[in-house]
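Coordinates as given in structure.cif (mmCIF, N, CA and C atoms and all ligand atoms):
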```cif
data_model
#
loop_
_atom_site.label_atom_id
_atom_site.label_comp_id
_atom_site.auth_asym_id
_atom_site.auth_seq_id
_atom_site.Cartn_x
_atom_site.Cartn_y
_atom_site.Cartn_z
N MET W 5 -150.62 -145.12 89.53
CA MET W 5 -150.80 -146.44 88.95
C MET W 5 -149.47 -147.18 88.87
N GLY W 6 -149.12 -147.83 89.91
CA GLY W 6 -147.88 -148.59 89.86
C GLY W 6 -146.63 -147.76 90.03
N GLU W 7 -146.77 -146.44 90.06
CA GLU W 7 -145.59 -145.58 90.21
C GLU W 7 -145.23 -145.47 91.69
N THR W 8 -143.94 -145.41 91.92
CA THR W 8 -143.48 -145.21 93.28
C THR W 8 -143.63 -143.74 93.63
N GLN W 9 -144.33 -143.46 94.72
CA GLN W 9 -144.52 -142.07 95.12
C GLN W 9 -143.26 -141.54 95.77
N LYS W 10 -142.76 -140.42 95.26
CA LYS W 10 -141.57 -139.81 95.83
C LYS W 10 -141.98 -138.66 96.74
N THR W 11 -141.55 -138.72 97.95
CA THR W 11 -141.91 -137.69 98.91
C THR W 11 -140.65 -136.98 99.40
N ALA W 12 -140.69 -135.67 99.32
CA ALA W 12 -139.56 -134.91 99.83
C ALA W 12 -139.79 -134.59 101.31
N HIS W 13 -138.75 -134.68 102.06
CA HIS W 13 -138.82 -134.35 103.48
C HIS W 13 -137.96 -133.11 103.73
N THR W 14 -138.43 -132.25 104.60
CA THR W 14 -137.66 -131.06 104.95
C THR W 14 -137.21 -131.16 106.40
N LEU W 15 -135.92 -131.01 106.60
CA LEU W 15 -135.36 -131.00 107.95
C LEU W 15 -134.72 -129.64 108.19
N ALA W 16 -135.03 -129.01 109.28
CA ALA W 16 -134.41 -127.73 109.62
C ALA W 16 -133.69 -127.87 110.95
N ILE W 17 -132.49 -127.35 111.02
CA ILE W 17 -131.71 -127.38 112.26
C ILE W 17 -131.67 -125.95 112.79
N ALA W 18 -132.28 -125.71 113.92
CA ALA W 18 -132.34 -124.35 114.44
C ALA W 18 -132.14 -124.34 115.94
N ASN W 19 -131.44 -123.37 116.42
CA ASN W 19 -131.26 -123.17 117.85
C ASN W 19 -130.76 -121.74 118.04
N ARG W 20 -131.30 -121.03 118.99
CA ARG W 20 -130.89 -119.64 119.20
C ARG W 20 -129.46 -119.54 119.70
N LYS W 21 -129.01 -120.60 120.37
CA LYS W 21 -127.67 -120.55 120.95
C LYS W 21 -126.61 -120.66 119.86
N GLY W 22 -125.61 -119.82 119.93
CA GLY W 22 -124.52 -119.85 118.96
C GLY W 22 -123.53 -120.96 119.28
N GLY W 23 -122.92 -121.46 118.23
CA GLY W 23 -121.83 -122.41 118.40
C GLY W 23 -122.22 -123.72 119.05
N CYS W 24 -123.46 -124.15 118.87
CA CYS W 24 -123.92 -125.38 119.53
C CYS W 24 -123.97 -126.57 118.57
N GLY W 25 -123.47 -126.40 117.35
CA GLY W 25 -123.38 -127.54 116.44
C GLY W 25 -124.47 -127.62 115.39
N LYS W 26 -125.14 -126.52 115.10
CA LYS W 26 -126.20 -126.53 114.07
C LYS W 26 -125.62 -126.93 112.70
N ALA W 27 -124.54 -126.24 112.33
CA ALA W 27 -123.96 -126.50 111.01
C ALA W 27 -123.42 -127.92 110.92
N VAL W 28 -122.69 -128.33 111.92
CA VAL W 28 -122.12 -129.69 111.91
C VAL W 28 -123.22 -130.73 111.82
N THR W 29 -124.31 -130.54 112.57
CA THR W 29 -125.43 -131.48 112.53
C THR W 29 -126.04 -131.54 111.13
N ALA W 30 -126.27 -130.36 110.54
CA ALA W 30 -126.87 -130.31 109.20
C ALA W 30 -125.97 -130.98 108.16
N ILE W 31 -124.69 -130.68 108.24
CA ILE W 31 -123.72 -131.24 107.27
C ILE W 31 -123.65 -132.75 107.40
N ARG W 32 -123.56 -133.24 108.62
CA ARG W 32 -123.45 -134.69 108.84
C ARG W 32 -124.73 -135.41 108.43
N LEU W 33 -125.89 -134.80 108.75
CA LEU W 33 -127.17 -135.39 108.35
C LEU W 33 -127.27 -135.48 106.83
N ALA W 34 -126.92 -134.38 106.15
CA ALA W 34 -127.01 -134.34 104.68
C ALA W 34 -126.10 -135.41 104.08
N ALA W 35 -124.87 -135.48 104.58
CA ALA W 35 -123.92 -136.45 104.04
C ALA W 35 -124.38 -137.88 104.32
N GLY W 36 -124.89 -138.11 105.52
CA GLY W 36 -125.34 -139.45 105.89
C GLY W 36 -126.52 -139.92 105.07
N ILE W 37 -127.48 -139.02 104.84
CA ILE W 37 -128.66 -139.38 104.04
C ILE W 37 -128.25 -139.65 102.59
N ALA W 38 -127.34 -138.80 102.06
CA ALA W 38 -126.85 -138.99 100.69
C ALA W 38 -126.12 -140.33 100.56
N LYS W 39 -125.41 -140.69 101.60
CA LYS W 39 -124.66 -141.96 101.59
C LYS W 39 -125.59 -143.16 101.47
N HIS W 40 -126.84 -142.96 101.89
CA HIS W 40 -127.83 -144.03 101.78
C HIS W 40 -128.56 -143.98 100.44
N GLY W 41 -128.00 -143.21 99.49
CA GLY W 41 -128.54 -143.19 98.14
C GLY W 41 -129.67 -142.21 97.91
N LYS W 42 -129.97 -141.38 98.89
CA LYS W 42 -131.04 -140.40 98.74
C LYS W 42 -130.48 -139.11 98.16
N ARG W 43 -131.30 -138.41 97.38
CA ARG W 43 -130.89 -137.11 96.86
C ARG W 43 -131.14 -136.07 97.95
N VAL W 44 -130.14 -135.23 98.16
CA VAL W 44 -130.21 -134.26 99.25
C VAL W 44 -129.92 -132.87 98.71
N LEU W 45 -130.77 -131.92 99.05
CA LEU W 45 -130.49 -130.51 98.79
C LEU W 45 -130.21 -129.87 100.14
N ALA W 46 -128.97 -129.49 100.37
CA ALA W 46 -128.59 -128.86 101.63
C ALA W 46 -128.51 -127.35 101.42
N ILE W 47 -129.27 -126.62 102.20
CA ILE W 47 -129.32 -125.17 102.06
C ILE W 47 -128.77 -124.54 103.33
N ASP W 48 -127.78 -123.70 103.17
CA ASP W 48 -127.16 -123.02 104.30
C ASP W 48 -127.59 -121.56 104.29
N ALA W 49 -128.39 -121.16 105.29
CA ALA W 49 -128.85 -119.77 105.35
C ALA W 49 -127.95 -118.92 106.24
N ASP W 50 -126.83 -119.51 106.66
CA ASP W 50 -125.91 -118.80 107.54
C ASP W 50 -124.86 -118.08 106.69
N SER W 51 -124.72 -116.80 106.90
CA SER W 51 -123.78 -116.01 106.07
C SER W 51 -122.32 -116.41 106.30
N GLN W 52 -122.06 -117.19 107.36
CA GLN W 52 -120.69 -117.67 107.56
C GLN W 52 -120.30 -118.68 106.48
N GLY W 53 -121.29 -119.32 105.86
CA GLY W 53 -121.01 -120.25 104.78
C GLY W 53 -120.29 -121.52 105.21
N SER W 54 -120.52 -121.98 106.42
CA SER W 54 -119.83 -123.18 106.91
C SER W 54 -120.12 -124.41 106.05
N MET W 55 -121.37 -124.52 105.59
CA MET W 55 -121.74 -125.73 104.86
C MET W 55 -121.03 -125.84 103.51
N PRO W 56 -121.07 -124.79 102.66
CA PRO W 56 -120.35 -124.93 101.39
C PRO W 56 -118.86 -125.15 101.59
N VAL W 57 -118.29 -124.55 102.60
CA VAL W 57 -116.86 -124.78 102.87
C VAL W 57 -116.63 -126.25 103.20
N SER W 58 -117.51 -126.82 104.03
CA SER W 58 -117.38 -128.23 104.41
C SER W 58 -117.51 -129.15 103.21
N PHE W 59 -118.31 -128.72 102.23
CA PHE W 59 -118.51 -129.56 101.04
C PHE W 59 -117.50 -129.22 99.94
N GLY W 60 -116.49 -128.41 100.26
CA GLY W 60 -115.38 -128.24 99.32
C GLY W 60 -115.30 -126.90 98.61
N ALA W 61 -116.25 -126.00 98.84
CA ALA W 61 -116.19 -124.68 98.20
C ALA W 61 -115.36 -123.76 99.11
N ALA W 62 -114.10 -123.58 98.75
CA ALA W 62 -113.19 -122.83 99.62
C ALA W 62 -113.62 -121.37 99.77
N GLU W 63 -114.20 -120.81 98.68
CA GLU W 63 -114.60 -119.40 98.74
C GLU W 63 -116.08 -119.26 98.36
N PRO W 64 -116.98 -119.53 99.31
CA PRO W 64 -118.41 -119.53 98.99
C PRO W 64 -118.91 -118.20 98.46
N ASP W 65 -118.26 -117.09 98.82
CA ASP W 65 -118.68 -115.78 98.31
C ASP W 65 -118.53 -115.67 96.80
N LYS W 66 -117.70 -116.55 96.22
CA LYS W 66 -117.46 -116.48 94.78
C LYS W 66 -118.33 -117.45 93.98
N LEU W 67 -119.21 -118.20 94.65
CA LEU W 67 -120.09 -119.12 93.93
C LEU W 67 -121.12 -118.33 93.13
N ALA W 68 -121.43 -118.84 91.93
CA ALA W 68 -122.35 -118.11 91.04
C ALA W 68 -123.78 -118.14 91.55
N ASN W 69 -124.20 -119.28 92.08
CA ASN W 69 -125.59 -119.43 92.53
C ASN W 69 -125.64 -119.81 93.99
N THR W 70 -126.10 -118.89 94.80
CA THR W 70 -126.24 -119.15 96.23
C THR W 70 -127.61 -118.65 96.68
N LEU W 71 -127.94 -118.93 97.92
CA LEU W 71 -129.19 -118.42 98.47
C LEU W 71 -129.19 -116.88 98.43
N ALA W 72 -128.02 -116.30 98.69
CA ALA W 72 -127.90 -114.84 98.67
C ALA W 72 -128.14 -114.28 97.27
N THR W 73 -127.59 -114.91 96.24
CA THR W 73 -127.81 -114.40 94.88
C THR W 73 -129.28 -114.58 94.48
N ALA W 74 -129.90 -115.69 94.90
CA ALA W 74 -131.31 -115.92 94.57
C ALA W 74 -132.20 -114.86 95.21
N MET W 75 -131.86 -114.46 96.43
CA MET W 75 -132.70 -113.51 97.15
C MET W 75 -132.51 -112.07 96.66
N THR W 76 -131.43 -111.82 95.96
CA THR W 76 -131.17 -110.45 95.51
C THR W 76 -131.44 -110.28 94.01
N GLN W 77 -131.95 -111.30 93.35
CA GLN W 77 -132.27 -111.20 91.92
C GLN W 77 -133.58 -110.44 91.72
N1 LIG W 101 -120.44 -132.94 118.60
C1 LIG W 101 -119.42 -132.08 118.61
N2 LIG W 101 -118.31 -132.36 119.32
C2 LIG W 101 -117.27 -131.49 119.36
N3 LIG W 101 -117.22 -130.33 118.70
C3 LIG W 101 -118.31 -130.01 117.98
C4 LIG W 101 -119.45 -130.85 117.91
N4 LIG W 101 -120.39 -130.25 117.12
C5 LIG W 101 -119.84 -129.08 116.74
N5 LIG W 101 -118.60 -128.94 117.24
C6 LIG W 101 -117.71 -127.79 117.04
O1 LIG W 101 -118.34 -126.65 117.62
C7 LIG W 101 -118.11 -125.51 116.81
C8 LIG W 101 -119.41 -124.87 116.42
O2 LIG W 101 -120.12 -125.79 115.58
P1 LIG W 101 -121.09 -125.27 114.45
O3 LIG W 101 -120.39 -124.31 113.55
O4 LIG W 101 -121.73 -126.47 113.83
O5 LIG W 101 -122.15 -124.51 115.35
P2 LIG W 101 -123.30 -123.50 114.92
O6 LIG W 101 -124.41 -123.77 115.88
O7 LIG W 101 -123.63 -123.65 113.47
O8 LIG W 101 -122.60 -122.12 115.22
P3 LIG W 101 -123.10 -120.62 114.85
O9 LIG W 101 -124.19 -120.32 115.85
O10 LIG W 101 -121.87 -119.80 115.07
O11 LIG W 101 -123.59 -120.64 113.45
C9 LIG W 101 -117.27 -125.96 115.60
O12 LIG W 101 -115.91 -125.67 115.85
C10 LIG W 101 -117.53 -127.45 115.56
O13 LIG W 101 -116.44 -128.14 115.00
MG MG W 102 -123.55 -122.01 112.00
#
```
Just give me the structure of the file as structure tokens.
Ligand SMILES: Nc1ncnc2c1ncn2[C@@H]1O[C@H](COP(=O)(O)OP(=O)(O)OP(=O)(O)O)[C@@H](O)[C@H]1O
Ligand SMILES: [Mg+2]
Amino acid sequence: MGETQKTAHTLAIANRKGGCGKAVTAIRLAAGIAKHGKRVLAIDADSQGSMPVSFGAAEPDKLANTLATAMTQ
């Protein structure tokens, strides 16, 4: 009733080939969408942790809450 419907969209970047820009694409997409005022949850399932490093977490292994900690609880 007059409320704006909020719809979440899920984007996944996947390719079997290594080093083809999956992380860079995901990071740039997340940053670009956020720049347009949208709320973005970026999830990095790669154990290399490229995404958190790109967003400023120098030592992702030391973060308190990660996908890895959630999966091992
Ligand atoms: N469009 C591009 N132009 C030039 N270099 C790029 C481009 N996209 C990615 N790269 C570079 O290619 C390398 C691999 O990129 P990235 O880490 O995003 O790939 P990936 O697919 O996530 O790799 P992996 O399979 O190892 O997880 C990085 O050094 C990145 O800076
Ligand atoms: Mg990667």
Next on the checklist: To check your reading of the model: which residues sit at most 10 Å from ligand MG 102 (chain W) when counting only C-alpha atoms and all ligand atoms? Write the answer as a list in words.
Outcome noted: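 Within the 10 Å cut-off, the matching residues are Ile17, Ala18, Asn19, Lys21, Gly22, Gly23, Cys24, Gly25, Lys26, Ala27, Val28, Thr29, Ala30, Asp48, Ala49, Asp50, Ser51, Gln52, Gly53, Ser54 and Met55 of chain W.
Coordinates place atom CA of W:Ile37 at a distance of 21.3 Å from atom O1 of ligand LIG 101 (chain W).
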Write out as an mmCIF file with N, CA and C atoms, in the frame of the given file all residues of stretch 8-75 of chain W that backbone DSSP assigns to helix (DSSP H, G or I).
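Written output follows (selection.cif):
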```
data_model
loop_
_atom_site.group_PDB
_atom_site.id
_atom_site.type_symbol
_atom_site.label_atom_id
_atom_site.label_comp_id
_atom_site.auth_asym_id
_atom_site.auth_seq_id
_atom_site.Cartn_x
_atom_site.Cartn_y
_atom_site.Cartn_z
ATOM 1 N N LYS W 26 -125.140 -126.520 115.100
ATOM 2 C CA LYS W 26 -126.200 -126.530 114.070
ATOM 3 C C LYS W 26 -125.620 -126.930 112.700
ATOM 4 N N ALA W 27 -124.540 -126.240 112.330
ATOM 5 C CA ALA W 27 -123.960 -126.500 111.010
ATOM 6 C C ALA W 27 -123.420 -127.920 110.920
ATOM 7 N N VAL W 28 -122.690 -128.330 111.920
ATOM 8 C CA VAL W 28 -122.120 -129.690 111.910
ATOM 9 C C VAL W 28 -123.220 -130.730 111.820
ATOM 10 N N THR W 29 -124.310 -130.540 112.570
ATOM 11 C CA THR W 29 -125.430 -131.480 112.530
ATOM 12 C C THR W 29 -126.040 -131.540 111.130
ATOM 13 N N ALA W 30 -126.270 -130.360 110.540
ATOM 14 C CA ALA W 30 -126.870 -130.310 109.200
ATOM 15 C C ALA W 30 -125.970 -130.980 108.160
ATOM 16 N N ILE W 31 -124.690 -130.680 108.240
ATOM 17 C CA ILE W 31 -123.720 -131.240 107.270
ATOM 18 C C ILE W 31 -123.650 -132.750 107.400
ATOM 19 N N ARG W 32 -123.560 -133.240 108.620
ATOM 20 C CA ARG W 32 -123.450 -134.690 108.840
ATOM 21 C C ARG W 32 -124.730 -135.410 108.430
ATOM 22 N N LEU W 33 -125.890 -134.800 108.750
ATOM 23 C CA LEU W 33 -127.170 -135.390 108.350
ATOM 24 C C LEU W 33 -127.270 -135.480 106.830
ATOM 25 N N ALA W 34 -126.920 -134.380 106.150
ATOM 26 C CA ALA W 34 -127.010 -134.340 104.680
ATOM 27 C C ALA W 34 -126.100 -135.410 104.080
ATOM 28 N N ALA W 35 -124.870 -135.480 104.580
ATOM 29 C CA ALA W 35 -123.920 -136.450 104.040
ATOM 30 C C ALA W 35 -124.380 -137.880 104.320
ATOM 31 N N GLY W 36 -124.890 -138.110 105.520
ATOM 32 C CA GLY W 36 -125.340 -139.450 105.890
ATOM 33 C C GLY W 36 -126.520 -139.920 105.070
ATOM 34 N N ILE W 37 -127.480 -139.020 104.840
ATOM 35 C CA ILE W 37 -128.660 -139.380 104.040
ATOM 36 C C ILE W 37 -128.250 -139.650 102.590
ATOM 37 N N ALA W 38 -127.340 -138.800 102.060
ATOM 38 C CA ALA W 38 -126.850 -138.990 100.690
ATOM 39 C C ALA W 38 -126.120 -140.330 100.560
ATOM 40 N N LYS W 39 -125.410 -140.690 101.600
ATOM 41 C CA LYS W 39 -124.660 -141.960 101.590
ATOM 42 C C LYS W 39 -125.590 -143.160 101.470
ATOM 43 N N SER W 54 -120.520 -121.980 106.420
ATOM 44 C CA SER W 54 -119.830 -123.180 106.910
ATOM 45 C C SER W 54 -120.120 -124.410 106.050
ATOM 46 N N MET W 55 -121.370 -124.520 105.590
ATOM 47 C CA MET W 55 -121.740 -125.730 104.860
ATOM 48 C C MET W 55 -121.030 -125.840 103.510
ATOM 49 N N PRO W 56 -121.070 -124.790 102.660
ATOM 50 C CA PRO W 56 -120.350 -124.930 101.390
ATOM 51 C C PRO W 56 -118.860 -125.150 101.590
ATOM 52 N N VAL W 57 -118.290 -124.550 102.600
ATOM 53 C CA VAL W 57 -116.860 -124.780 102.870
ATOM 54 C C VAL W 57 -116.630 -126.250 103.200
ATOM 55 N N SER W 58 -117.510 -126.820 104.030
ATOM 56 C CA SER W 58 -117.380 -128.230 104.410
ATOM 57 C C SER W 58 -117.510 -129.150 103.210
ATOM 58 N N PRO W 64 -116.980 -119.530 99.310
ATOM 59 C CA PRO W 64 -118.410 -119.530 98.990
ATOM 60 C C PRO W 64 -118.910 -118.200 98.460
ATOM 61 N N ASP W 65 -118.260 -117.090 98.820
ATOM 62 C CA ASP W 65 -118.680 -115.780 98.310
ATOM 63 C C ASP W 65 -118.530 -115.670 96.800
ATOM 64 N N LYS W 66 -117.700 -116.550 96.220
ATOM 65 C CA LYS W 66 -117.460 -116.480 94.780
ATOM 66 C C LYS W 66 -118.330 -117.450 93.980
ATOM 67 N N LEU W 71 -127.940 -118.930 97.920
ATOM 68 C CA LEU W 71 -129.190 -118.420 98.470
ATOM 69 C C LEU W 71 -129.190 -116.880 98.430
ATOM 70 N N ALA W 72 -128.020 -116.300 98.690
ATOM 71 C CA ALA W 72 -127.900 -114.840 98.670
ATOM 72 C C ALA W 72 -128.140 -114.280 97.270
ATOM 73 N N THR W 73 -127.590 -114.910 96.240
ATOM 74 C CA THR W 73 -127.810 -114.400 94.880
ATOM 75 C C THR W 73 -129.280 -114.580 94.480
ATOM 76 N N ALA W 74 -129.900 -115.690 94.900
ATOM 77 C CA ALA W 74 -131.310 -115.920 94.570
ATOM 78 C C ALA W 74 -132.200 -114.860 95.210
ATOM 79 N N MET W 75 -131.860 -114.460 96.430
ATOM 80 C CA MET W 75 -132.700 -113.510 97.150
ATOM 81 C C MET W 75 -132.510 -112.070 96.660
#
```
Box in all listed atoms of ligand LIG 101 (chain W), axis-aligned, with 6 Å more on each side; write out centre and edge lengths in Å to one decimal as AutoDock Vina command-line options.
```
--center_x -120.2 --center_y -126.4 --center_z 116.4 --size_x 20.5 --size_y 25.1 --size_z 17.9
```
Checklist entry - Please, what distance in Å, to one decimal, runs between atom CA of W:Ala74 and atom O8 of ligand LIG 101 (chain W)? => result 23.3 Å
Checklist entry - Do you have the atom CA of W:Arg43-atom CA of W:Thr11 distance handy? => result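 Those two atoms sit 11.2 Å apart.
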Checklist entry - Nearest to ligand LIG 101 (chain W): which of W:Val44, W:Leu15, W:Leu33, W:Ala68 is it, counting only C-alpha atoms and all ligand atoms? => result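 Of W:Val44, W:Leu15, W:Leu33, W:Ala68, the one nearest ligand LIG 101 (chain W), counting only C-alpha atoms and all ligand atoms, is W:Leu33.
Among the candidates W:Val57, W:Glu63, W:Arg20, W:Gly36, the residue lying nearest to ligand LIG 101 (chain W) is W:Arg20 (atoms considered: all atoms listed in the file).
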Checklist entry - Looking at W:Ser58, W:Leu45, W:Asp65, W:Gln9, which one is nearest to ligand LIG 101 (chain W), with distances taken over only C-alpha atoms and all ligand atoms? => result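 Nearest to ligand LIG 101 (chain W): W:Ser58.
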Checklist outcome for this item: Of W:Leu71, W:Ala12, W:Ile31, W:Gly41, the one nearest to ligand LIG 101 (chain W) when counting all atoms listed in the file is W:Ile31
